[in-house]
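Have a look at the structure below before the remarks.
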Amino acid sequence: MRQSQLFTKTTKELPKDEASLNAQLLIRAGFVDKIMAGVYEFLPLGWRVLNKIENIIREEMDAVGGQEMFMSALSPKENWEKTGRLETMNVLMKALGANKESREINDAEYILNSTHEEVITPIAKKFALSYRDLPFSIYQIQTKFRNEARPKSGLLRGREFRMKDLYSFHVSQEDMKRYYEEVKQAYLKIFKRLGIGADTYITLASGGDFTTDFSHEFQTECQTGEDEIHVCDKCKIALNKEVLERQSICPECENKDLRLAKASEVGNIFPLNTKFSKAFDYYFTDKEGNKQIVYMASYGIGPSRLMGVIVEKFADDKGMIWPENIAPFKVHLLSLNQNEEADKLYEVLKDLGVEVLYDDREVSAGEKMADSDLLGCPFRVLISAKTKSAGKLELKLRDSNEVQMLSEKELIEKLS
Ligand SMILES: [Zn+2]
């Protein structure tokens, strides 16, 4: 894409009322815009990144047999009364009907879903009633809502955010645990592909409000992280704060020497057991014709939150640094008054299927380079009078700042 055509612009000004690093950088670079506290618009560059994150998650959910669907954002509050969460979830966002013609609609109250157990359980019950129908798993990637009191962490904790939620249904707790382990491994693959695999730990957490002792968080080590975890470096797993109060050794190897680290949560999975199947009377018929309760588990990852965490984890004082798999563009091509040569190279790279953002704007070299650092594409290719006279192109790697002078042929080999 030609940067001269991009409708968003970068700005040096720090956004007002924005304390978090991720939102500051994403807004300054024109990836997102804030319409109110905790609610962000995804602009073209940010939308590209979000889509790449979501597609990686989608591929790994498909690989463990998840069937993708799309559920409503609104639901009737009766479903939440059934599970008791209308009372217990204090971040539940409610929507009021407003219609001058009809009092009935005017007084209606709905829930803007923050999670979908209350929606998916009655759907599953309509279709899967025999042991032959189980197990199965369903997921969606969708917008969710939480009534955060003071959202101030940018994309890390919004009032409206993107979520991938997978739900699995089983004939027994044993089968649920088997699949739970499978999804755990799928999550590790996702984080690896997103470029944060080396620093992301399966973290033992308390069971929340579910009828279970433990759940699992996935925590990524990050200097600006809001959580503290206790890492066993031998086993590459961690305990969160609450769990540490109950046990202070690694559950795998009994190592007592756990390392304290700052981290950000990037996913969580819960063995729900029978909490929701009981609330919705969801039973199946076993081989012998007896009624049995269905076991469930749920598995969440917030793609928009992940985007914020990745910005915070990798950013330097000049701007963002995107891992290659989720960068808005792989290459940022900068022309310093050499548009004829740059146009040609732009076409060559496009034909090779390389994603290129081409800075063909009439602005200073300094501004182009500063913007390139702020936007954070992994490879910066620069064409100037100097590189032209040397018959070379300058390639700079955003993460290491390493600079190489290459011929066009060498550059193409490197990028494609
Ligand atoms: Zn260990």
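All residue names refer to the structure tokens as shown: chains lettered A, B, ... in order, residues numbered from 1 in each chain, ligands numbered from 1 in order.
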Within 7 Å of ligand 1 (only C-alpha atoms and all ligand atoms), residues as number ranges by chain: A: 232-235, 237, 250-255
Residue nearest Ala297 of chain A - candidates A:Asn22, A:Gln173, A:Thr220, A:Asn99, atoms counted: only C-alpha atoms: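 When distances to Ala297 of chain A are compared using only C-alpha atoms, the smallest one comes from A:Gln173.
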Pick from A:Glu81, A:Glu355, A:Glu226, A:Glu182, whichever lies nearest to Gly66 of chain A using only C-alpha atoms: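 Of all the options, A:Glu182 lies closest to Gly66 of chain A.
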Counting only C-alpha atoms, the option among A:Leu96, A:Ile326, A:Leu374, A:Val356 closest to Leu26 of chain A: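 Of A:Leu96, A:Ile326, A:Leu374, A:Val356, the one nearest Leu26 of chain A, counting only C-alpha atoms, is A:Leu374.
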Need to verify the contact set: Ala238 of chain A, 10 Å, only C-alpha atoms, exclusion of same-chain residues closer than 6 positions in sequence. Can you return it as a PDB file with N, CA, C and O atoms, in the first residue's frame?
ATOM      1  N   THR A 200       6.084 -16.997  27.391  1.00  0.00           N
ATOM      2  CA  THR A 200       4.706 -17.197  27.839  1.00  0.00           C
ATOM      3  C   THR A 200       4.600 -18.510  28.612  1.00  0.00           C
ATOM      4  O   THR A 200       5.048 -19.549  28.134  1.00  0.00           O
ATOM      5  N   TYR A 201       4.046 -18.422  29.816  1.00  0.00           N
ATOM      6  CA  TYR A 201       4.006 -19.584  30.703  1.00  0.00           C
ATOM      7  C   TYR A 201       2.581 -20.004  31.012  1.00  0.00           C
ATOM      8  O   TYR A 201       1.713 -19.154  31.268  1.00  0.00           O
ATOM      9  N   ILE A 202       2.347 -21.309  31.006  1.00  0.00           N
ATOM     10  CA  ILE A 202       1.104 -21.840  31.567  1.00  0.00           C
ATOM     11  C   ILE A 202       1.183 -21.562  33.059  1.00  0.00           C
ATOM     12  O   ILE A 202       2.162 -21.932  33.719  1.00  0.00           O
ATOM     13  N   THR A 203       0.176 -20.877  33.586  1.00  0.00           N
ATOM     14  CA  THR A 203       0.214 -20.420  34.976  1.00  0.00           C
ATOM     15  C   THR A 203      -0.982 -20.954  35.742  1.00  0.00           C
ATOM     16  O   THR A 203      -2.132 -20.755  35.341  1.00  0.00           O
ATOM     17  N   LEU A 204      -0.666 -21.639  36.809  1.00  0.00           N
ATOM     18  CA  LEU A 204      -1.720 -22.199  37.650  1.00  0.00           C
ATOM     19  C   LEU A 204      -2.433 -21.056  38.376  1.00  0.00           C
ATOM     20  O   LEU A 204      -1.812 -20.222  39.018  1.00  0.00           O
ATOM     21  N   ALA A 205      -3.782 -21.028  38.237  1.00  0.00           N
ATOM     22  CA  ALA A 205      -4.578 -19.977  38.866  1.00  0.00           C
ATOM     23  C   ALA A 205      -5.716 -20.627  39.634  1.00  0.00           C
ATOM     24  O   ALA A 205      -5.996 -21.813  39.456  1.00  0.00           O
ATOM     25  N   HIS A 216      -6.272 -22.352  34.452  1.00  0.00           N
ATOM     26  CA  HIS A 216      -4.941 -22.006  33.942  1.00  0.00           C
ATOM     27  C   HIS A 216      -4.978 -20.687  33.198  1.00  0.00           C
ATOM     28  O   HIS A 216      -5.866 -20.451  32.381  1.00  0.00           O
ATOM     29  N   GLU A 217      -3.994 -19.858  33.521  1.00  0.00           N
ATOM     30  CA  GLU A 217      -3.800 -18.630  32.768  1.00  0.00           C
ATOM     31  C   GLU A 217      -2.577 -18.832  31.892  1.00  0.00           C
ATOM     32  O   GLU A 217      -1.720 -19.671  32.194  1.00  0.00           O
ATOM     33  N   PHE A 218      -2.492 -18.054  30.832  1.00  0.00           N
ATOM     34  CA  PHE A 218      -1.265 -17.980  30.058  1.00  0.00           C
ATOM     35  C   PHE A 218      -0.729 -16.582  30.286  1.00  0.00           C
ATOM     36  O   PHE A 218      -1.417 -15.598  30.024  1.00  0.00           O
ATOM     37  N   GLN A 219       0.472 -16.507  30.840  1.00  0.00           N
ATOM     38  CA  GLN A 219       1.051 -15.221  31.228  1.00  0.00           C
ATOM     39  C   GLN A 219       2.332 -14.979  30.444  1.00  0.00           C
ATOM     40  O   GLN A 219       3.198 -15.847  30.374  1.00  0.00           O
ATOM     41  N   GLU A 228       1.850 -10.415  38.784  1.00  0.00           N
ATOM     42  CA  GLU A 228       3.104 -11.020  39.228  1.00  0.00           C
ATOM     43  C   GLU A 228       2.949 -12.520  39.160  1.00  0.00           C
ATOM     44  O   GLU A 228       1.960 -13.067  39.650  1.00  0.00           O
ATOM     45  N   ILE A 229       3.925 -13.186  38.551  1.00  0.00           N
ATOM     46  CA  ILE A 229       3.884 -14.649  38.516  1.00  0.00           C
ATOM     47  C   ILE A 229       5.173 -15.203  39.105  1.00  0.00           C
ATOM     48  O   ILE A 229       6.180 -14.490  39.225  1.00  0.00           O
ATOM     49  N   HIS A 230       5.129 -16.479  39.489  1.00  0.00           N
ATOM     50  CA  HIS A 230       6.285 -17.143  40.088  1.00  0.00           C
ATOM     51  C   HIS A 230       6.654 -18.310  39.185  1.00  0.00           C
ATOM     52  O   HIS A 230       5.924 -19.287  39.109  1.00  0.00           O
ATOM     53  N   VAL A 231       7.773 -18.140  38.455  1.00  0.00           N
ATOM     54  CA  VAL A 231       8.119 -19.046  37.366  1.00  0.00           C
ATOM     55  C   VAL A 231       9.059 -20.148  37.829  1.00  0.00           C
ATOM     56  O   VAL A 231      10.035 -19.883  38.537  1.00  0.00           O
ATOM     57  N   CYS A 232       8.760 -21.401  37.435  1.00  0.00           N
ATOM     58  CA  CYS A 232       9.754 -22.469  37.550  1.00  0.00           C
ATOM     59  C   CYS A 232      10.463 -22.533  36.205  1.00  0.00           C
ATOM     60  O   CYS A 232       9.871 -22.958  35.205  1.00  0.00           O
ATOM     61  N   LEU A 244       0.102 -19.073  44.860  1.00  0.00           N
ATOM     62  CA  LEU A 244       1.325 -19.115  45.667  1.00  0.00           C
ATOM     63  C   LEU A 244       1.004 -19.107  47.162  1.00  0.00           C
ATOM     64  O   LEU A 244       1.731 -19.685  47.959  1.00  0.00           O
ATOM     65  N   ILE A 249       5.612 -24.303  45.967  1.00  0.00           N
ATOM     66  CA  ILE A 249       6.591 -25.070  45.190  1.00  0.00           C
ATOM     67  C   ILE A 249       6.016 -25.391  43.817  1.00  0.00           C
ATOM     68  O   ILE A 249       4.803 -25.374  43.622  1.00  0.00           O
ATOM     69  N   CYS A 250       6.909 -25.683  42.860  1.00  0.00           N
ATOM     70  CA  CYS A 250       6.461 -26.052  41.523  1.00  0.00           C
ATOM     71  C   CYS A 250       5.698 -27.376  41.606  1.00  0.00           C
ATOM     72  O   CYS A 250       6.207 -28.347  42.152  1.00  0.00           O
ATOM     73  N   PRO A 251       4.481 -27.428  41.057  1.00  0.00           N
ATOM     74  CA  PRO A 251       3.691 -28.656  41.153  1.00  0.00           C
ATOM     75  C   PRO A 251       4.258 -29.808  40.312  1.00  0.00           C
ATOM     76  O   PRO A 251       3.936 -30.962  40.543  1.00  0.00           O
ATOM     77  N   LEU A 258      11.382 -20.470  42.992  1.00  0.00           N
ATOM     78  CA  LEU A 258      10.613 -19.882  41.898  1.00  0.00           C
ATOM     79  C   LEU A 258      11.028 -18.425  41.674  1.00  0.00           C
ATOM     80  O   LEU A 258      11.318 -17.717  42.625  1.00  0.00           O
ATOM     81  N   ARG A 259      11.042 -18.032  40.409  1.00  0.00           N
ATOM     82  CA  ARG A 259      11.491 -16.686  40.054  1.00  0.00           C
ATOM     83  C   ARG A 259      10.285 -15.758  39.915  1.00  0.00           C
ATOM     84  O   ARG A 259       9.345 -16.052  39.178  1.00  0.00           O
ATOM     85  N   LEU A 260      10.337 -14.623  40.622  1.00  0.00           N
ATOM     86  CA  LEU A 260       9.254 -13.634  40.537  1.00  0.00           C
ATOM     87  C   LEU A 260       9.401 -12.827  39.243  1.00  0.00           C
ATOM     88  O   LEU A 260      10.483 -12.338  38.949  1.00  0.00           O
ATOM     89  N   ALA A 261       8.321 -12.699  38.488  1.00  0.00           N
ATOM     90  CA  ALA A 261       8.394 -11.944  37.226  1.00  0.00           C
ATOM     91  C   ALA A 261       7.118 -11.139  37.026  1.00  0.00           C
ATOM     92  O   ALA A 261       6.046 -11.527  37.468  1.00  0.00           O
TER      93      ALA A 261
END
Residues within 7 Å of Glu60 of chain A, only C-alpha atoms, excluding chain neighbours under 4 positions, as a ChimeraX atom specification: /A:56,64,186,190
Would you write out those residues with C-alpha atoms, as a compact mmCIF listing (two decimals), in the first residue's frame?
# COMPACT_ATOMS: atom_id res chain seq x y z
CA ILE A 56 -3.52 -17.50 13.73
CA VAL A 64 -8.11 -29.07 17.52
CA ALA A 186 -2.81 -25.44 20.96
CA ILE A 190 -0.60 -19.79 19.09
Nearest residue to Gly207 of chain A from the set A:Phe270, A:Phe284, A:Trp80, A:Phe329 (distances using only C-alpha atoms):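 For Gly207 of chain A, the nearest of the candidates is A:Phe270.
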For atom CA of Ala149 of chain A and atom CA of Lys82 of chain A, the interatomic separation in Å (one decimal): 25.4 Å
Those in segment 150-219 of chain A with strand (DSSP E) from DSSP, as a ChimeraX atom specification: /A:160-170,200-206,214-219
Selected residue, from A:Leu166, A:Leu239, A:Ile293, A:Val49, that lies nearest to Ile269 of chain A when counting only C-alpha atoms: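 Of A:Leu166, A:Leu239, A:Ile293, A:Val49, the one nearest Ile269 of chain A is A:Leu166, counting only C-alpha atoms.
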Pick from A:Lys368, A:Gly225, A:Ile57, A:Ala108, whichever lies nearest to Glu78 of chain A using only C-alpha atoms: A:Ala108
Å distance separating atom CA of Asp316 of chain A from atom CA of Ile53 of chain A, one decimal place: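 That distance, rounded to one decimal, is 21.3 Å.
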